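Note: the block below is structure_12.cif and it holds mmCIF, C-alpha atoms.
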data_run
#
loop_
_atom_site.label_atom_id
_atom_site.label_comp_id
_atom_site.auth_asym_id
_atom_site.auth_seq_id
_atom_site.Cartn_x
_atom_site.Cartn_y
_atom_site.Cartn_z
CA MET A 1 265.00 -108.91 53.16
CA GLN A 2 261.70 -110.29 51.92
CA ASN A 3 262.54 -109.27 48.35
CA LYS A 4 265.87 -111.11 48.57
CA ASN A 5 264.13 -114.25 49.82
CA ASN A 6 261.58 -114.05 46.98
CA ALA A 7 264.36 -113.56 44.43
CA GLY A 8 266.25 -116.53 45.83
CA LEU A 9 263.11 -118.66 45.70
CA ARG A 10 262.47 -117.71 42.07
CA PHE A 11 266.09 -118.50 41.20
CA SER A 12 265.80 -121.87 42.92
CA GLN A 13 262.59 -122.68 41.05
CA LYS A 14 264.19 -121.76 37.72
CA ALA A 15 267.18 -123.97 38.52
CA VAL A 16 264.88 -126.90 39.29
CA TRP A 17 262.96 -126.38 36.05
CA ARG A 18 266.17 -126.23 34.06
CA CYS A 19 267.38 -129.48 35.61
CA ILE A 20 264.07 -131.16 34.83
CA LEU A 21 264.20 -129.81 31.27
CA GLY A 22 267.76 -131.09 30.88
CA VAL A 23 266.76 -134.58 32.06
CA ILE A 24 263.81 -134.61 29.63
CA ILE A 25 266.08 -133.60 26.73
CA VAL A 26 268.58 -136.36 27.58
CA LEU A 27 265.84 -138.99 27.89
CA PHE A 28 264.30 -137.87 24.60
CA GLY A 29 267.68 -138.07 22.91
CA VAL A 30 268.19 -141.63 24.19
CA PHE A 31 264.68 -142.54 23.01
CA VAL A 32 265.31 -141.17 19.52
CA TYR A 33 268.69 -142.92 19.29
CA GLN A 34 267.22 -146.29 20.28
CA LEU A 35 264.23 -145.77 17.99
CA ASN A 36 266.49 -145.36 14.97
CA GLN A 37 268.51 -148.52 15.67
CA VAL A 38 266.65 -150.60 13.11
CA ASP A 39 267.78 -152.86 10.28
CA LYS A 40 265.90 -151.92 7.13
CA THR A 41 264.73 -154.59 4.73
CA GLU A 42 266.54 -154.26 1.39
CA LEU A 43 263.78 -153.62 -1.14
CA VAL A 44 266.06 -152.93 -4.12
CA VAL A 45 269.48 -154.44 -4.68
CA ARG A 46 271.94 -151.52 -4.96
CA THR A 47 275.20 -153.41 -4.64
CA GLY A 48 277.89 -151.41 -6.42
CA GLN A 49 275.51 -148.57 -7.31
CA THR A 50 276.25 -145.09 -5.98
CA PHE A 51 275.18 -141.52 -6.65
CA GLU A 52 278.15 -139.19 -7.04
CA LYS A 53 278.75 -135.53 -7.85
CA ALA A 54 280.31 -134.47 -11.14
CA GLU A 55 280.81 -131.42 -13.36
CA VAL A 56 279.98 -131.33 -17.06
CA THR A 57 283.12 -130.42 -19.01
CA GLU A 58 281.97 -130.97 -22.61
CA ILE A 59 278.82 -131.67 -24.64
CA LEU A 60 279.80 -134.45 -27.05
CA GLN A 61 276.41 -134.86 -28.71
CA ASP A 62 273.42 -132.64 -28.00
CA ASN A 63 269.77 -133.61 -28.37
CA LEU A 64 268.32 -130.10 -28.77
CA GLU A 65 265.95 -129.78 -31.75
CA ASP A 66 265.36 -126.63 -33.80
CA ASN A 67 261.96 -126.11 -32.13
CA GLY A 68 263.55 -126.07 -28.66
CA THR A 69 262.54 -129.58 -27.60
CA ARG A 70 264.90 -132.38 -26.65
CA VAL A 71 264.67 -135.85 -28.13
CA GLY A 72 266.70 -138.86 -27.12
CA GLU A 73 269.87 -138.53 -25.05
CA GLN A 74 272.79 -136.19 -24.68
CA LYS A 75 276.31 -137.55 -24.68
CA VAL A 76 278.50 -135.57 -22.31
CA ARG A 77 281.90 -135.69 -20.69
CA VAL A 78 281.98 -135.15 -16.94
CA ARG A 79 284.70 -134.84 -14.35
CA MET A 80 283.88 -136.89 -11.27
CA LEU A 81 284.05 -134.92 -8.03
CA THR A 82 283.30 -137.75 -5.58
CA GLY A 83 283.38 -141.55 -5.43
CA VAL A 84 285.90 -144.15 -6.56
CA ARG A 85 286.28 -142.39 -9.93
CA LYS A 86 286.99 -138.99 -8.35
CA GLY A 87 289.19 -136.84 -10.59
CA GLU A 88 288.58 -138.98 -13.68
CA GLU A 89 286.66 -137.89 -16.77
CA LEU A 90 283.89 -140.15 -18.04
CA GLU A 91 281.77 -140.11 -21.18
CA ILE A 92 278.18 -140.74 -20.15
CA THR A 93 274.60 -140.10 -21.31
CA SER A 94 271.83 -137.85 -20.02
CA SER A 95 268.22 -138.67 -20.91
CA SER A 96 265.70 -136.05 -21.98
CA GLY A 97 263.04 -137.17 -19.51
CA TYR A 98 261.28 -134.76 -17.16
CA LEU A 99 261.82 -136.98 -14.10
CA PHE A 100 265.36 -138.18 -14.74
CA GLY A 101 268.35 -136.73 -16.53
CA ALA A 102 269.16 -133.05 -17.09
CA ALA A 103 269.61 -130.59 -19.94
CA CYS A 104 273.37 -130.48 -19.45
CA LYS A 105 275.51 -127.42 -20.11
CA VAL A 106 279.25 -127.00 -19.73
CA GLY A 107 280.04 -126.18 -16.10
CA MET A 108 276.79 -127.59 -14.74
CA LYS A 109 277.04 -129.65 -11.54
CA VAL A 110 275.16 -132.93 -11.85
CA ILE A 111 274.50 -136.12 -9.93
CA VAL A 112 275.78 -139.23 -11.68
CA MET A 113 274.29 -142.67 -11.05
CA GLN A 114 277.14 -145.12 -11.49
CA SER A 115 277.82 -148.81 -11.05
CA VAL A 116 281.45 -149.87 -10.78
CA ALA A 117 282.70 -153.43 -11.24
CA GLY A 118 286.49 -153.64 -11.50
CA ASP A 119 287.61 -151.44 -14.38
CA THR A 120 284.10 -151.27 -15.84
CA THR A 121 281.89 -148.27 -15.06
CA ILE A 122 278.29 -147.86 -16.17
CA ALA A 123 277.04 -144.34 -15.50
CA SER A 124 274.43 -141.80 -16.53
CA VAL A 125 273.26 -138.38 -15.39
CA TYR A 126 270.57 -138.80 -12.74
CA THR A 127 269.67 -135.13 -12.25
CA GLN A 128 271.09 -131.67 -11.72
CA ASP A 129 272.93 -131.18 -8.43
CA ARG A 130 270.63 -128.91 -6.41
CA GLU A 131 271.79 -129.75 -2.89
CA TRP A 132 273.31 -126.37 -2.12
CA VAL A 133 270.38 -124.50 -3.68
CA ILE A 134 268.10 -126.17 -1.16
CA TYR A 135 270.42 -125.41 1.75
CA ILE A 136 270.92 -121.79 0.73
CA PHE A 137 267.22 -121.04 0.32
CA ALA A 138 266.44 -122.78 3.62
CA ALA A 139 269.15 -120.72 5.33
CA LEU A 140 267.83 -117.50 3.77
CA TYR A 141 264.34 -118.30 5.03
CA LEU A 142 265.59 -118.95 8.55
CA LEU A 143 267.67 -115.76 8.48
CA ALA A 144 264.66 -113.74 7.32
CA LEU A 145 262.55 -115.29 10.06
CA CYS A 146 265.14 -114.40 12.69
CA ALA A 147 265.79 -110.89 11.34
CA ILE A 148 262.13 -109.91 11.12
CA GLY A 149 260.83 -111.91 14.07
CA GLY A 150 263.66 -111.07 16.45
CA ARG A 151 263.77 -113.22 19.55
CA GLN A 152 260.44 -114.86 18.72
CA GLY A 153 261.69 -115.53 15.20
CA ILE A 154 264.72 -117.37 16.59
CA LYS A 155 262.42 -119.46 18.76
CA GLY A 156 260.27 -120.15 15.71
CA CYS A 157 263.37 -121.36 13.83
CA ILE A 158 264.22 -123.74 16.63
CA GLY A 159 260.65 -125.04 16.66
CA LEU A 160 260.68 -125.51 12.89
CA VAL A 161 263.97 -127.42 12.96
CA PHE A 162 262.68 -129.57 15.81
CA THR A 163 259.48 -130.38 13.90
CA PHE A 164 261.46 -131.43 10.82
CA PHE A 165 263.73 -133.52 13.07
CA CYS A 166 260.73 -135.30 14.62
CA VAL A 167 259.19 -136.13 11.24
CA ILE A 168 262.41 -137.80 10.06
CA PHE A 169 263.71 -139.37 13.26
CA VAL A 170 260.53 -140.05 15.27
CA TYR A 171 257.47 -140.32 13.02
CA LEU A 172 258.99 -142.40 10.20
CA PRO A 173 260.89 -144.86 12.48
CA LEU A 174 257.75 -145.40 14.57
CA ILE A 175 255.76 -146.33 11.47
CA TYR A 176 258.58 -148.55 10.22
CA ARG A 177 258.41 -150.37 13.57
CA ASN A 178 254.73 -151.16 12.87
CA VAL A 179 253.30 -148.53 15.21
CA SER A 180 249.88 -147.28 14.10
CA PRO A 181 250.43 -144.34 11.69
CA PHE A 182 247.57 -142.47 13.36
CA GLY A 183 249.05 -142.97 16.82
CA ALA A 184 252.53 -142.04 15.60
CA ALA A 185 251.18 -138.83 14.04
CA VAL A 186 249.30 -137.86 17.21
CA PHE A 187 252.43 -138.47 19.31
CA MET A 188 254.59 -136.43 16.95
CA CYS A 189 252.06 -133.61 16.81
CA PHE A 190 251.92 -133.53 20.60
CA ILE A 191 255.66 -133.30 21.22
CA THR A 192 256.27 -130.80 18.41
CA THR A 193 253.37 -128.64 19.57
CA LEU A 194 254.54 -128.78 23.18
CA VAL A 195 258.09 -127.77 22.26
CA THR A 196 256.98 -125.02 19.86
CA MET A 197 254.48 -123.57 22.32
CA TYR A 198 257.01 -123.75 25.15
CA MET A 199 259.55 -121.90 23.04
CA ILE A 200 257.01 -119.15 22.35
CA GLY A 201 255.14 -118.88 25.64
CA GLY A 202 257.31 -120.59 28.24
CA ALA A 203 255.98 -122.79 31.05
CA THR A 204 252.64 -120.99 31.40
CA ARG A 205 248.91 -121.63 31.32
CA LYS A 206 248.91 -120.12 27.85
CA THR A 207 251.27 -122.86 26.64
CA ILE A 208 249.16 -125.58 28.27
CA ALA A 209 245.96 -124.22 26.75
CA ALA A 210 247.48 -123.80 23.27
CA THR A 211 248.99 -127.30 23.32
CA ALA A 212 245.73 -128.90 24.47
CA GLY A 213 243.71 -126.96 21.87
CA THR A 214 246.11 -127.90 19.07
CA VAL A 215 246.15 -131.60 19.89
CA ALA A 216 242.35 -131.59 20.20
CA GLY A 217 241.99 -129.92 16.79
CA VAL A 218 244.40 -132.35 15.12
CA VAL A 219 242.62 -135.38 16.59
CA ILE A 220 239.26 -133.96 15.50
CA ALA A 221 240.64 -133.60 11.95
CA GLY A 222 241.70 -137.26 12.02
CA ILE A 223 238.32 -138.40 13.32
CA SER A 224 236.55 -136.33 10.65
CA ALA A 225 238.69 -137.95 7.95
CA TRP A 226 237.93 -141.41 9.37
CA LEU A 227 234.18 -140.72 9.35
CA PHE A 228 234.41 -139.44 5.77
CA SER A 229 236.32 -142.57 4.86
CA MET A 230 233.70 -144.85 6.43
CA ALA A 231 230.87 -143.06 4.65
CA SER A 232 232.50 -142.68 1.22
CA GLY A 233 234.48 -145.91 0.98
CA ILE A 234 237.73 -143.98 0.45
CA THR A 235 240.59 -145.53 2.39
CA GLY A 236 244.35 -145.24 2.60
CA TYR A 237 244.53 -148.01 -0.01
CA ASN A 238 243.08 -145.73 -2.71
CA VAL A 239 246.19 -143.56 -3.03
CA SER A 240 248.07 -143.51 -6.35
CA ASP A 241 251.26 -145.14 -5.04
CA ILE A 242 249.55 -147.99 -3.17
CA GLU A 243 251.20 -150.68 -5.32
CA THR A 244 254.65 -149.58 -4.14
CA LEU A 245 253.45 -149.15 -0.55
CA MET A 246 252.07 -152.69 -0.51
CA THR A 247 255.65 -153.90 -0.84
CA LEU A 248 256.29 -152.44 2.62
CA TRP A 249 253.22 -154.23 3.95
CA ASN A 250 254.40 -157.53 2.48
CA THR A 251 257.99 -157.22 3.70
CA ASN A 252 257.63 -155.41 7.03
CA GLY A 253 253.95 -155.48 7.91
CA ILE A 254 253.78 -151.65 7.89
CA GLN A 255 250.21 -150.38 8.22
CA VAL A 256 250.21 -148.48 4.92
CA GLY A 257 246.43 -148.01 4.96
CA GLY A 258 246.74 -145.49 7.79
CA LEU A 259 249.35 -143.29 6.12
CA LEU A 260 246.75 -141.14 4.38
CA PHE A 261 245.10 -140.16 7.65
CA SER A 262 248.33 -139.70 9.61
CA GLY A 263 249.63 -137.45 6.85
CA LEU A 264 246.47 -135.39 7.17
CA LEU A 265 247.19 -134.78 10.86
CA ILE A 266 250.68 -133.51 10.09
CA SER A 267 249.53 -131.31 7.19
CA CYS A 268 246.91 -129.50 9.29
CA LEU A 269 249.10 -129.18 12.41
CA GLY A 270 250.52 -125.77 11.50
CA ALA A 271 247.14 -124.14 10.82
CA VAL A 272 245.54 -125.57 13.97
CA MET A 273 248.57 -124.53 16.03
CA ASP A 274 248.29 -120.99 14.67
CA VAL A 275 244.61 -120.72 15.60
CA ALA A 276 245.14 -122.20 19.08
CA MET A 277 248.01 -119.89 20.03
CA SER A 278 246.24 -116.83 18.59
CA VAL A 279 243.11 -117.60 20.59
CA CYS A 280 245.08 -118.22 23.79
CA SER A 281 247.11 -115.01 23.44
CA SER A 282 244.03 -112.91 22.66
CA MET A 283 242.06 -114.27 25.61
CA TYR A 284 245.01 -113.72 27.91
CA GLU A 285 245.14 -110.04 26.92
CA ILE A 286 241.36 -109.65 27.19
CA TYR A 287 241.22 -111.15 30.66
CA ASN A 288 244.20 -109.22 31.97
CA GLN A 289 242.46 -105.99 30.97
CA ASN A 290 239.46 -106.92 33.09
CA LEU A 291 240.09 -109.52 35.79
CA ALA A 292 236.53 -109.04 37.04
CA MET A 293 235.04 -110.76 33.96
CA SER A 294 232.80 -113.74 34.60
CA ARG A 295 233.52 -117.10 32.99
CA ALA A 296 230.60 -116.61 30.61
CA ASP A 297 231.80 -113.15 29.54
CA LEU A 298 235.35 -114.42 29.04
CA PHE A 299 234.09 -117.31 26.92
CA LYS A 300 231.94 -114.98 24.79
CA ALA A 301 234.82 -112.56 24.27
CA GLY A 302 237.09 -115.40 23.25
CA MET A 303 234.56 -116.69 20.73
CA HIS A 304 234.11 -113.23 19.21
CA VAL A 305 237.85 -112.93 18.60
CA ALA A 306 238.26 -116.53 17.45
CA ARG A 307 235.54 -116.39 14.80
CA ASP A 308 237.58 -113.99 12.66
CA MET A 309 240.64 -116.24 12.87
CA MET A 310 238.56 -119.32 12.13
CA GLY A 311 237.22 -117.89 8.88
CA THR A 312 240.62 -117.11 7.39
CA ASP A 313 242.52 -120.15 8.64
CA SER A 314 239.88 -122.59 7.40
CA ASN A 315 240.51 -121.20 3.90
CA THR A 316 244.21 -121.84 4.36
CA LEU A 317 243.87 -125.61 4.32
CA ILE A 318 241.22 -125.71 1.59
CA LEU A 319 243.45 -123.63 -0.69
CA ALA A 320 246.57 -125.59 0.26
CA PHE A 321 245.06 -128.93 -0.74
CA ALA A 322 243.44 -127.39 -3.83
CA GLY A 323 246.80 -125.97 -4.86
CA SER A 324 248.49 -129.34 -4.50
CA SER A 325 245.86 -130.85 -6.83
CA VAL A 326 246.08 -128.23 -9.60
CA SER A 327 247.73 -130.61 -12.09
CA MET A 328 245.00 -133.19 -11.60
CA LEU A 329 242.25 -130.58 -11.83
CA LEU A 330 243.69 -129.15 -15.06
CA LEU A 331 243.83 -132.60 -16.66
CA ASP A 332 240.21 -133.26 -15.66
CA TYR A 333 239.21 -129.90 -17.13
CA ALA A 334 241.18 -130.39 -20.35
CA TYR A 335 239.74 -133.88 -20.97
CA ASP A 336 236.24 -132.52 -20.21
CA LEU A 337 235.48 -135.52 -17.99
CA PRO A 338 231.84 -136.11 -16.98
CA TYR A 339 230.78 -134.68 -13.62
CA GLN A 340 229.91 -138.10 -12.17
CA GLN A 341 233.33 -139.44 -13.10
CA ILE A 342 235.13 -136.49 -11.50
CA ILE A 343 233.12 -136.23 -8.27
CA ASN A 344 233.36 -139.98 -7.63
CA SER A 345 237.04 -140.47 -8.50
CA ASN A 346 239.40 -141.51 -5.71
CA ASN A 347 241.83 -138.63 -6.25
CA ILE A 348 239.14 -135.96 -6.03
CA GLY A 349 237.58 -137.67 -3.03
CA ILE A 350 240.90 -137.77 -1.19
CA ALA A 351 241.60 -134.10 -1.91
CA ILE A 352 238.12 -133.09 -0.69
CA MET A 353 238.47 -135.28 2.40
CA GLN A 354 241.82 -133.72 3.29
CA GLY A 355 240.58 -130.15 2.87
CA LEU A 356 237.30 -130.63 4.73
CA ALA A 357 238.70 -132.79 7.54
CA GLY A 358 241.52 -130.33 8.19
CA SER A 359 239.04 -127.45 8.23
CA PHE A 360 236.82 -129.38 10.63
CA GLY A 361 239.83 -129.61 12.92
CA ILE A 362 240.36 -125.84 12.79
CA VAL A 363 236.69 -124.93 13.26
CA LEU A 364 236.00 -127.33 16.13
CA SER A 365 239.29 -126.60 17.88
CA VAL A 366 238.17 -122.98 18.36
CA PRO A 367 235.41 -123.53 20.96
CA LEU A 368 237.52 -126.20 22.69
CA THR A 369 240.51 -123.85 22.94
CA VAL A 370 238.30 -121.01 24.17
CA LEU A 371 236.80 -123.31 26.80
CA ILE A 372 240.22 -124.52 27.95
CA CYS A 373 241.45 -120.92 28.24
CA THR A 374 238.35 -119.93 30.19
CA VAL A 375 238.93 -122.71 32.72
CA LEU A 376 242.69 -122.10 33.06
CA TYR A 377 242.62 -118.30 33.07
CA HIS A 378 239.56 -117.37 35.09
CA GLY A 379 240.18 -116.51 38.70
CA LYS A 380 243.97 -116.57 38.22
CA ILE A 381 246.33 -113.60 38.17
CA VAL A 382 247.73 -114.57 34.81
CA LYS A 383 249.92 -111.52 34.36
CA LYS A 384 252.70 -113.15 36.33
CA ASP A 385 252.75 -116.53 34.65
CA CYS A 386 251.51 -116.03 31.08
#
Is it possible to express this structure as structure tokens?
Amino acid sequence: MQNKNNAGLRFSQKAVWRCILGVIIVLFGVFVYQLNQVDKTELVVRTGQTFEKAEVTEILQDNLEDNGTRVGEQKVRVRMLTGVRKGEELEITSSSGYLFGAACKVGMKVIVMQSVAGDTTIASVYTQDREWVIYIFAALYLLALCAIGGRQGIKGCIGLVFTFFCVIFVYLPLIYRNVSPFGAAVFMCFITTLVTMYMIGGATRKTIAATAGTVAGVVIAGISAWLFSMASGITGYNVSDIETLMTLWNTNGIQVGGLLFSGLLISCLGAVMDVAMSVCSSMYEIYNQNLAMSRADLFKAGMHVARDMMGTDSNTLILAFAGSSVSMLLLDYAYDLPYQQIINSNNIGIAIMQGLAGSFGIVLSVPLTVLICTVLYHGKIVKKDC
């Protein structure tokens, strides 16, 4: 009889939690919908201009040289697959640039930039159509994650999709509405971490500890970047595309100077999240093997395990930011620029700041996460709720 009562109580508690979770999801959906109801300022006049899909049917004039390079423009005939000219064949040009245009071949799917005014159409090849390539590779990655990770892999997929959703539909609209980029990034990191950790660990102390440790690490990374900025004079206004960003400041008052630091928080979120959850899971297993451990012993054990993770994950961010700067580093090396010019340039300073600040977040989140786990785990029978 007692077992039936306990089972009924657990079922009732689960039902209550599911109702609360459902209400939270509905409220979040309403929040996101209202957040995205914004009229964007038109920065570029695109009246009559559209980007449509087409297929190359004939190369009328090629621009391929004997040495394999391309000079000038190709003249090609394409069959329009979408837009007001759908089904028609147009003779258009494709530039030989690396950023725009495409090396067209018969049968290639391309994106055509066209402007239509009455019977007049001005069009050119914008780029190769790679939409489905992106979708297919993304789908293959998610399938591999689910197949290898099993149930946890499926949860990871959901967390990944949710994170991408929040970047597009929460983080960017908040900034566009003149919310502090730093505050918007912290808010987005918190909700994505909470959802991801909940998907992995459920409503447990482990989830609470991992979420708190992740948010603490991300905030520490932001503070480290701010201190570096104050000491070095590097700000969010030293980025290469600041001239374009200033247009947003002039038209909408967007705080573009904070984008550099908010982007840093998002870029280091994954690594900090990995360290936090690994530490929390390891300490949970350690404590469950010996519930008689003192707080001091549990903290020491957690630090011993976490130090190995800290060493490898700190390299992750350093190498990630170094890899994203390879083109710049190669140019500096090829031009044999003086050391003082390189070390004091804005681009190098920003790359160093991003790598070091993110690593600070990882390193300092370790003792904080261990401390949080020690407080939440010790003295509790965590086998039942973690």
(request) Skip Phe100 of chain A itself and residues of its chain fewer than 2 positions away, then list as a PyMOL selection string all residues within 10 Å of it, counting all atoms listed in the file. (result) chain A and resi 94-98+102+124-128
Per residue of segment 175-242 of chain A within 12 Å of segment 33-56 of chain A, what are the shortest atom pair and its distance in Å to one decimal, counting all atoms listed in the file, with rows by chain and residue number, as CSV?
residue,atom,partner,partner_atom,distance
A:Ile175,CA,A:Leu35,CA,10.7
A:Tyr176,CA,A:Lys40,CA,8.6
A:Arg177,CA,A:Val38,CA,8.3
A:Asn178,CA,A:Val38,CA,11.9
A:Val179,CA,A:Leu35,CA,11.6
Write out, as a PDB file, in the coordinates of the input, the residues just selected, with C-alpha atoms.
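The new file result-v5.pdb reads:
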ATOM      1  CA  ILE A 175     255.760-146.330  11.470  1.00  0.00           C
ATOM      2  CA  TYR A 176     258.580-148.550  10.220  1.00  0.00           C
ATOM      3  CA  ARG A 177     258.410-150.370  13.570  1.00  0.00           C
ATOM      4  CA  ASN A 178     254.730-151.160  12.870  1.00  0.00           C
ATOM      5  CA  VAL A 179     253.300-148.530  15.210  1.00  0.00           C
TER       6      VAL A 179
END
(request) Counting all atoms listed in the file, figure out which residue out of A:Thr211, A:Ala351, A:Leu160, A:Leu260 gets nearest to Leu368 of chain A. (result) A:Thr211
(request) Could you tell me how far atom CA of Gly323 of chain A lies from atom CA of Arg130 of chain A, in Å and to one decimal? (result) 24.1 Å
(request) May I ask which of the residues A:Leu376, A:Ala117, A:Ala357, A:Ala103 is the closest one to Thr69 of chain A, counting only C-alpha atoms? (result) A:Ala103
Excluding Leu364 of chain A and any residue of its chain fewer than 2 positions from it, enumerate the residues within 10 Å of it, using all atoms listed in the file, and give them as a CSV table (one decimal) with C-alpha atoms, keeping the file's coordinate frame.
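The resulting file, out-v3.csv, is shown below:
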chain,number,residue,atom,x,y,z
A,213,GLY,CA,243.7,-127.0,21.9
A,216,ALA,CA,242.4,-131.6,20.2
A,217,GLY,CA,242.0,-129.9,16.8
A,218,VAL,CA,244.4,-132.4,15.1
A,220,ILE,CA,239.3,-134.0,15.5
A,221,ALA,CA,240.6,-133.6,12.0
A,272,VAL,CA,245.5,-125.6,14.0
A,310,MET,CA,238.6,-119.3,12.1
A,359,SER,CA,239.0,-127.4,8.2
A,360,PHE,CA,236.8,-129.4,10.6
A,361,GLY,CA,239.8,-129.6,12.9
A,362,ILE,CA,240.4,-125.8,12.8
A,366,VAL,CA,238.2,-123.0,18.4
A,367,PRO,CA,235.4,-123.5,21.0
A,368,LEU,CA,237.5,-126.2,22.7
A,369,THR,CA,240.5,-123.8,22.9
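Shortest atom-to-atom contact with Ile92 of chain A among A:Ala203, A:Leu337, A:Met80, A:Ala139: A:Met80, counting only C-alpha atoms.
The interatomic distance for the pair atom CA of Asp297 of chain A and atom CA of Ile208 of chain A works out to 21.4 Å.
The space between atom CA of Cys280 of chain A and atom CA of Cys157 of chain A spans 21.1 Å.
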(request) Evaluate the PyMOL selection byres ((chain A and resi 354) around 10) and record the selected residues as a ChimeraX atom specification, following the chain and residue labels used in the document. (result) /A:221-222,224-225,228,260-261,263-265,267-268,317-318,320-322,348-353,355-360
(message) Counting only C-alpha atoms, which residue out of A:Gly202, A:Gly149, A:Gly233, A:Pro181 sits closest to Gly258 of chain A?
(response) A:Pro181
Assuming the chain letters and numbering stay as they are in my file, what does the PyMOL selection byres ((chain A and resi 169) around 12) actually select? List them as a CSV table (one decimal) with C-alpha atoms, in the frame of the given file.
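Output below, filename selection-v2.csv:
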chain,number,residue,atom,x,y,z
A,28,PHE,CA,264.3,-137.9,24.6
A,29,GLY,CA,267.7,-138.1,22.9
A,31,PHE,CA,264.7,-142.5,23.0
A,32,VAL,CA,265.3,-141.2,19.5
A,33,TYR,CA,268.7,-142.9,19.3
A,34,GLN,CA,267.2,-146.3,20.3
A,35,LEU,CA,264.2,-145.8,18.0
A,36,ASN,CA,266.5,-145.4,15.0
A,37,GLN,CA,268.5,-148.5,15.7
A,38,VAL,CA,266.6,-150.6,13.1
A,161,VAL,CA,264.0,-127.4,13.0
A,162,PHE,CA,262.7,-129.6,15.8
A,163,THR,CA,259.5,-130.4,13.9
A,164,PHE,CA,261.5,-131.4,10.8
A,165,PHE,CA,263.7,-133.5,13.1
A,166,CYS,CA,260.7,-135.3,14.6
A,167,VAL,CA,259.2,-136.1,11.2
A,168,ILE,CA,262.4,-137.8,10.1
A,170,VAL,CA,260.5,-140.0,15.3
A,171,TYR,CA,257.5,-140.3,13.0
A,172,LEU,CA,259.0,-142.4,10.2
A,173,PRO,CA,260.9,-144.9,12.5
A,174,LEU,CA,257.8,-145.4,14.6
A,175,ILE,CA,255.8,-146.3,11.5
A,176,TYR,CA,258.6,-148.6,10.2
A,184,ALA,CA,252.5,-142.0,15.6
A,188,MET,CA,254.6,-136.4,17.0
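Every residue that the PyMOL selection byres ((chain A and resi 72) around 8) selects in this file is listed here: Asn63, Arg70, Val71, Glu73, Gln74, Ser95 and Ser96 of chain A.
Take the candidates A:Ala123, A:Ser281, A:Phe182, A:Ile191 and check each one against Gly257 of chain A using all atoms listed in the file; the shortest distance goes to A:Phe182.
Nearest-residue note for Val363 of chain A: choosing from A:Thr214, A:Ser325, A:Gln114, A:Ser232, the minimum distance belongs to A:Thr214, counting only C-alpha atoms.
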Please list as a PDB file with C-alpha atoms, in the frame of the given file every residue within 8 Å of Val370 of chain A, counting only C-alpha atoms and excluding residues in the same chain fewer than 6 positions away.
ATOM      1  CA  VAL A 279     243.110-117.600  20.590  1.00  0.00           C
ATOM      2  CA  CYS A 280     245.080-118.220  23.790  1.00  0.00           C
ATOM      3  CA  MET A 283     242.060-114.270  25.610  1.00  0.00           C
ATOM      4  CA  PHE A 299     234.090-117.310  26.920  1.00  0.00           C
ATOM      5  CA  GLY A 302     237.090-115.400  23.250  1.00  0.00           C
ATOM      6  CA  MET A 303     234.560-116.690  20.730  1.00  0.00           C
TER       7      MET A 303
END
(message) Which residues are near Val78 of chain A? Cut-off 10 Å, all atoms listed in the file, ignore same chain within fewer than 4 positions. Put them as a ChimeraX atom specification.
(response) /A:53-59,87-93,106-110,112,125
